[in-house]
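Here is the structure we will look at.
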Amino acid sequence: MAGLLPVEEALARVLDGASPLPEEWIPVGDCDGRVLTRDLLASRSQPPDDMSAMDGYALRASDLPGRLTVIGEAAAGRAFGGEVGTGQAVRIFTGAPIPPGADAVIMQEDTARDGDAVIIDRTARPGQFIRRRGLDFTAGVSVLPAGTVMNPRSLALAAAMNHASVPVHRRPRVAILSTGDELVEPGTAPGPNQIVSSNALAIAAMARRAGADVTHLGIAPDRLDATLARVRLARSEGHDILVTSGGASVGEYDLMRDVIRHEGGELGFWKIAMRPGKPLMMADLGETRLLGLPGNPVASFVCAMLFLEPLIARLAGRAVDGPATEAAILGSDVPANDLRADHLRARLTTSADGLVATPFPVQDSSMIRVLAEADALILRPPHAPAARAGEPCRVVRLPR
Ligand SMILES: Nc1nc2c(c(=O)[nH]1)N[C@H]1C(S)=C(S)[C@@H](COP(=O)(O)OP(=O)(O)OC[C@H]3O[C@@H](n4cnc5c(N)ncnc54)[C@H](O)[C@@H]3O)O[C@H]1N2
Ligand code: MOO
C-alpha cells in the first residue's frame with residue numbers, strides 16, 4: 001500500500017490556492033455566520049446623548065435631600081424641552097435624554113409624589129443612573145474588524161451602528177453528485193440489489209452548516225457520459241466545489257478518474273493514508289475544485305468532515321483550525337494500527353477519570369447506524385501501537 005498520501009498533506013493540497021471568495025453586500029439581518037470583508041465603523045454614537053438608566057426623576061444631586069418641583073417629563077425618544085434649575089426635577093423614563101441642568105437620576109421607588117412636588121429623603125451621587133453619550137460605542141470607531149465571523153450578537157451590534165447592509169465574503173457554492181447504478185433516492189421503492197442513497201444528504205447538511213449554498217445534482221449511473229454531463233452542469237453553473245460520492249476506487253465501474261481526465265483536470269491526489277476514506281481524490285476542473293469522496297457512507301462522511309468543511313471555511317473567509325481534539329481514555333482495548341490514520345466511531349461517557357471513549361466493536365465503513373449512534377471519532381495515528389482500556393487517546397466530537 002505504498003503511495004498513500006498522509007492526511008495532513010492531503011488537507012494542505014485541498015486548501016492550496018483556495019482563498020476567500022469575493023465580497024458581496026447583504027442585509028444585516030442575514031449575516032449570521034458570514035465573515036466581514038471590511039472593518040465596520042460605528043456611524044453614530046450609542047447612546048447618542050446622556051440617557052437615563054431608570055424610571056424616576058432627573059435632578060441636581062446638590063438639591064438632595066429635599067422637596068423638588070416637577071417641571072415636566074422626558075421619555076425615550078422625547079426629550080424635555082427646558083432646563084432643570086435649582087429645586088426642580090423632571091419626571092424621566094428609562095432611555096430618555098437627561099435634560100440640561102440635571103446631573104443625576106433617582107429611581108421612582110426612592111421618591112414620594114405630592115402633587116407637583118416630589119419628596120426625596122436621600123442623597124444622590126452626581127452621575128447616578130446616567131448612561132453617558134458613547135458609553136457603548138463612539139462614532140467613527142472601528143468596532144467590528146474585517147475577518148469577524150458574524151454571530152447573533154455582532155449582528156445586533158452592526159445593526160445598532162446603523163448598517164442596513166454589510167460586506168461579507170460570498171458563500172461557497174457546492175454541488176453534490178452521487179454516482180452508482182445501485183442508488184435510488186429515499187422514498188422510492190428500491191428494486192433488488194438497490195441501495196437508498198444517503199451520502200449526498202449528509203454531505204449537503206454538513207456543507208450548509210459550514211456556510212455553503214448547496215445544489216443537488218442527483219444520482220448519476222455508472223456511465224461516463226451521464227456522469228460527465230452532470231459534472232459539466234456543475235462547472236457551467238459556477239460552483240466553487242463539486243463533491244462526488246462513489247466511483248473513487250479501482251473497480252471497473254469506478255469512473256471518477258476518467259471523468260477528471262475527460263474534463264482536462266489534473267488529479268491533485270488519489271488515495272490517502274486514512275481509514276475510512278482511502279480512495280479520496282481531489283482535482284481542479286477550471287474554477288471548480290472537485291472532491292471525489294469514497295462511496296462507503298462512513299468514508300464519505302469522515303472525508304467531508306476532514307476535507308470539505310475546512311475547504312468551505314477557507315472559501316467563506318473563516319479560519320481553518322481543523323477539528324478540535326480532546327483528551328479521553330479508551331473504554332476498551334484497541335489493536336495496533338497500520339499505516340492509515342484511523343477514525344474509530346465511539347461512544348463517549350464520563351467517569352471519575354474523565355471522558356471515556358469506547359469504540360464500537362465493528363468499524364465497517366458501510367455502517368451508517370453506528371455512525372449515527374457515535375458521539376466521537378477516536379484518532380489513531382498511523383502505526384499507533386496496541387492500547388489497553390484506560391490508556392489515553394484523542395477524540396474529535398461528531399457534530400450534534
Ligand atoms: N480492490 C479494492 N477495492 C476497494 C478498495 C481498494 O483499495 N481496492 N478500497 C475500498 C474502500 S477503502 C472504499 S471506501 C470503497 C470506495 O469505493 P467507491 O468510492 O468506488 O464507492 P462505490 O463502489 O461506488 O460504493 C461503495 C459502497 O458505498 C455505497 N454507496 C455509494 N454511494 C452511496 C450513497 N450515495 N449513499 C449510500 N451508499 C452509497 C455503495 O452502494 C457501495 O456499497 O472501495 C473499497 N474497495
Ligand atoms: O474508505 Mo474505505 O471506507 O476505508 O473502506
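Each chain in the C-alpha cells gets a letter, A, B and so on, in the order shown; residues start at 1 in every chain, and ligands are counted from 1 in the order they appear.
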
(Q) Can you pull out every residue with an atom within 8 Å of ligand 2? Use only C-alpha atoms and all ligand atoms and format it as a PyMOL selection string. (A) chain A and resi 274-280+294-300+364-366

Q) Can you list every residue in region 35-241 of chain A that DSSP puts in strand (DSSP E or B), as a ChimeraX atom specification? A) /A:35-36,40-41,46,51-52,56-59,66-75,78,88-92,97,104-107,112-114,117-120,130-131,137,142-144,149,165-169,173-179,183-184,195-196,213-220,241

Q: Find the spatial neighbours of region 138-151 of chain A, counting only C-alpha atoms, within a cut-off of 9 Å - ignore same-chain residues fewer than 6 positions away - and output them as an NGL selection string.
A: :A and (31-48 or 157-158 or 161 or 168 or 317-319)

Q. Which one is closest to Ala389 (chain A): A:Leu344, A:Leu59, A:Leu306, A:Val334? Count only C-alpha atoms.
A. A:Val334

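Using only C-alpha atoms and all ligand atoms for every distance, the candidate list A:Val362, A:Ala327, A:Ile368, A:Ile71 yields A:Ile368 as the residue closest to ligand 1.
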
Q: Once DSSP has gone over the backbone, tell me which residues of region 73-197 of chain A are in helix (DSSP H, G or I), as a PyMOL selection string.
A: chain A and resi 108-110+152-160

Once you have the residues from the selection above, write them out as a CSV table (one decimal), in the first residue's frame, restricted to C-alpha atoms.
```
chain,number,residue,atom,x,y,z
A,108,GLN,CA,-39.0,56.4,41.4
A,109,GLU,CA,-39.1,53.7,44.2
A,110,ASP,CA,-36.9,56.1,46.3
A,152,PRO,CA,-26.3,37.0,16.6
A,153,ARG,CA,-24.5,39.4,19.0
A,154,SER,CA,-22.2,41.0,16.4
A,155,LEU,CA,-25.2,41.2,14.0
A,156,ALA,CA,-27.1,43.2,16.6
A,157,LEU,CA,-24.1,45.5,17.1
A,158,ALA,CA,-23.8,46.1,13.3
A,159,ALA,CA,-27.4,46.9,13.2
A,160,ALA,CA,-27.1,49.3,16.2
```

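The coordinates place CA of Val70 (chain A) at 18.9 Å from CA of Ala53 (chain A).
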
Q | Distance criterion (only C-alpha atoms and all ligand atoms): nearest to ligand 1 out of A:Ala357, A:Ala202, A:Leu339, A:Ala61 | A | A:Ala202

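Once region 220-233 of chain A and its same-chain neighbours fewer than 3 positions away are set aside, Thr179, Gly180, Asp181, Ser236 and Tyr253 of chain A remain within 6 Å of it when counting only C-alpha atoms.
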
Determine, counting only C-alpha atoms, which protein, DNA and RNA residues have an atom within 9 Å of an atom of region 260-267 of chain A; residues of the same chain fewer than 6 positions away are not included. Present the result as a PDB file with N, CA and C atoms, in the first residue's frame.
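Writing the result to result14.pdb gives the following:
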```
ATOM      1  N   LEU A 228     -20.307  12.704 -16.783  1.00  0.00           N
ATOM      2  CA  LEU A 228     -19.707  13.918 -17.358  1.00  0.00           C
ATOM      3  C   LEU A 228     -20.744  15.024 -17.533  1.00  0.00           C
ATOM      4  N   VAL A 231     -21.279  16.684 -14.258  1.00  0.00           N
ATOM      5  CA  VAL A 231     -20.081  17.430 -13.843  1.00  0.00           C
ATOM      6  C   VAL A 231     -19.999  18.734 -14.638  1.00  0.00           C
ATOM      7  N   ARG A 232     -20.304  18.668 -15.916  1.00  0.00           N
ATOM      8  CA  ARG A 232     -20.245  19.890 -16.753  1.00  0.00           C
ATOM      9  C   ARG A 232     -21.305  20.885 -16.328  1.00  0.00           C
ATOM     10  N   MET A 281     -10.152  11.573  -3.616  1.00  0.00           N
ATOM     11  CA  MET A 281      -9.367  12.231  -4.673  1.00  0.00           C
ATOM     12  C   MET A 281      -9.743  13.701  -4.772  1.00  0.00           C
ATOM     13  N   MET A 282      -8.818  14.445  -5.336  1.00  0.00           N
ATOM     14  CA  MET A 282      -9.041  15.881  -5.497  1.00  0.00           C
ATOM     15  C   MET A 282      -8.500  16.300  -6.849  1.00  0.00           C
ATOM     16  N   ALA A 283      -9.205  17.226  -7.499  1.00  0.00           N
ATOM     17  CA  ALA A 283      -8.716  17.761  -8.779  1.00  0.00           C
ATOM     18  C   ALA A 283      -9.322  19.135  -8.981  1.00  0.00           C
ATOM     19  N   ASP A 284      -8.645  19.969  -9.775  1.00  0.00           N
ATOM     20  CA  ASP A 284      -9.232  21.250 -10.172  1.00  0.00           C
ATOM     21  C   ASP A 284      -9.752  21.127 -11.589  1.00  0.00           C
ATOM     22  N   LEU A 285     -11.066  21.408 -11.741  1.00  0.00           N
ATOM     23  CA  LEU A 285     -11.676  21.441 -13.071  1.00  0.00           C
ATOM     24  C   LEU A 285     -11.964  22.912 -13.341  1.00  0.00           C
ATOM     25  N   GLY A 286     -11.025  23.605 -13.932  1.00  0.00           N
ATOM     26  CA  GLY A 286     -11.177  25.052 -14.098  1.00  0.00           C
ATOM     27  C   GLY A 286     -11.314  25.698 -12.738  1.00  0.00           C
ATOM     28  N   LEU A 290     -12.818  19.858  -7.352  1.00  0.00           N
ATOM     29  CA  LEU A 290     -13.557  18.607  -7.184  1.00  0.00           C
ATOM     30  C   LEU A 290     -12.985  17.816  -6.012  1.00  0.00           C
TER      31      LEU A 290
END
```

Q: Would you mind telling me which residue in A:His163, A:Arg340, A:Arg209, A:Arg235 lies nearest to ligand 1 when using only C-alpha atoms and all ligand atoms?
A: A:Arg340
